[in-house]
Each structure stands twice: as C-alpha cells, then as structure tokens.
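In what follows, a structure is listed as structure tokens, so that the remarks can point back to it.
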Amino acid sequence: MLSDLMVCPTTRRQGIAQKLVLKCERICVSDFKATELYIRVLEDNDAAMQMYSKLGYEIMDNPDDPPTVKLLHKALSSMQDETTKV
Ligand SMILES: CC(C)(COP(=O)(O)OP(=O)(O)OC[C@H]1O[C@@H](n2cnc3c(N)ncnc32)[C@H](O)[C@@H]1OP(=O)(O)O)[C@@H](O)C(=O)NCCC(=O)NCCS
C-alpha cells in the first residue's frame, strides 16, 4: 500500500509525483518482491486520480471503503525484469 504522497504546490505538474511513484514501484519489486500495489484516493481528487490512471492504476470495487474513496490497484509483475531503471 502506497500512501501520503504529496508534492510541494510550487513544483507541481513537473512530473515529480510520477517519478516518485515509479521509483516506489521499482523498490517494491526489487526489495520486497511485491507483485501488486494498492492506493486509496478520494474520488474527487482529480489530480491524483488522473496521475494514477496515467501510470496504469485501475479502480477496484471495495465494499469496505466509503463511496467517496477509491481503491486503486496495479499489477507489478511486468516490472520484475526492470528493477534497475529510474
Ligand atoms: C497529486 C499530486 C501528488 C501530483 O503531483 P505532481 O508532481 O504535480 O504530478 P505530476 O507532475 O507527476 O503529474 C503526472 C500526471 O498526473 C496528472 N495530473 C497531475 N496534476 C493534475 C491536475 N492538477 N489536474 C489534472 N491532472 C493532473 C496529469 O495527467 C499529469 O501528467 P501531465 O502533466 O503530463 O498532464 C499533487 O497534486 C499533490 O501533492 N496533491 C496534494 C496531495 C494529494 O492529493 N496526494 C495524493 C493523495 S492519494
């Protein structure tokens, strides 16, 4: 589970969050042998929802979460051989 990602307001839209998430994904694969990553995002957080969508995250149905919260998921298995990038 990835959480608490925030970029300074003065440096947004420069690709920083995208690079941080990709780096986290690679650490999860290389150091923890993770095969998937989950993130909870507020439904009305357009910036985060669009960023994670761009990175390949998909919305999962999760009846345990309130309707305003979306659980996002990405399979990391395709990254198993890419752990040296970024
Ligand atoms: C969400 C957040 C982390 C994005 O950080 P960022 O460094 O600005 O994001 P990036 O520059 O890597 O953006 C990557 C893509 O996300 C999408 N995106 C980012 N900010 C966006 C915005 N304000 N509106 C719409 N799409 C946005 C775009 O598709 C963007 O690609 P593009 O710039 O080529 O169009 C940042 O807005 C933030 O810190 N928000 C407050 C905290 C927060 O909501 N954290 C997420 C909690 S789950």
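Residue numbers start at 1 in each chain; chains themselves are named A, B, ... in the order of the structure tokens; ligands are numbered from 1 in the order shown.
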Contacts to ligand 1 at 10 Å cut-off (only C-alpha atoms and all ligand atoms) as a PyMOL selection string: chain A and resi 2-22+39-55+69-72
Would you please extract all helix (DSSP H, G or I) residues from chain A, as assigned by DSSP on the backbone, and give them as an mmCIF file with C-alpha atoms, in the first residue's frame?
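Result file result_35.cif:
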data_model
loop_
_atom_site.group_PDB
_atom_site.id
_atom_site.type_symbol
_atom_site.label_atom_id
_atom_site.label_comp_id
_atom_site.auth_asym_id
_atom_site.auth_seq_id
_atom_site.Cartn_x
_atom_site.Cartn_y
_atom_site.Cartn_z
ATOM 1 C CA PRO A 9 2.407 23.162 -4.604
ATOM 2 C CA THR A 10 5.080 25.324 -6.240
ATOM 3 C CA THR A 11 6.642 22.370 -8.066
ATOM 4 C CA ILE A 16 7.764 14.716 -9.767
ATOM 5 C CA ALA A 17 4.904 12.594 -8.385
ATOM 6 C CA GLN A 18 5.002 10.331 -11.407
ATOM 7 C CA LYS A 19 8.746 9.721 -10.901
ATOM 8 C CA LEU A 20 8.256 9.110 -7.155
ATOM 9 C CA VAL A 21 5.523 6.540 -7.761
ATOM 10 C CA LEU A 22 7.569 4.741 -10.417
ATOM 11 C CA LYS A 23 10.569 4.684 -8.054
ATOM 12 C CA CYS A 24 8.382 3.275 -5.245
ATOM 13 C CA GLU A 25 7.065 0.613 -7.606
ATOM 14 C CA ARG A 26 10.591 -0.454 -8.512
ATOM 15 C CA ILE A 27 11.667 -0.596 -4.846
ATOM 16 C CA CYS A 28 8.580 -2.687 -4.045
ATOM 17 C CA VAL A 29 9.576 -5.123 -6.779
ATOM 18 C CA SER A 30 13.341 -5.216 -6.188
ATOM 19 C CA ASP A 31 13.457 -5.090 -2.376
ATOM 20 C CA PHE A 32 10.155 -6.652 -1.345
ATOM 21 C CA ASP A 46 -8.815 14.744 -9.933
ATOM 22 C CA ALA A 47 -5.051 15.340 -9.954
ATOM 23 C CA ALA A 48 -4.280 12.088 -8.125
ATOM 24 C CA MET A 49 -6.912 10.042 -9.953
ATOM 25 C CA GLN A 50 -5.568 11.193 -13.330
ATOM 26 C CA MET A 51 -1.953 10.639 -12.354
ATOM 27 C CA TYR A 52 -2.534 7.078 -11.145
ATOM 28 C CA SER A 53 -4.654 6.307 -14.188
ATOM 29 C CA LYS A 54 -1.812 7.541 -16.405
ATOM 30 C CA SER A 77 4.579 -8.395 -12.309
ATOM 31 C CA SER A 78 5.546 -6.884 -15.675
ATOM 32 C CA MET A 79 8.269 -4.880 -13.883
#
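Going from atom CA of A:Ala34 to atom CA of A:Asp64 covers 23.2 Å.
Between atom CA of A:Pro63 and atom CA of A:Leu76 the separation is 23.6 Å.
The gap separating atom CA of A:Met1 from atom CA of A:Pro66 is 17.6 Å, in Å to one decimal.
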task: Within chain A, find each residue whose DSSP state, derived from the backbone, is strand (DSSP E or B), and express the selection as an MDAnalysis selection string.
output: chainID A and resid 2 36:42 58:60 69:75
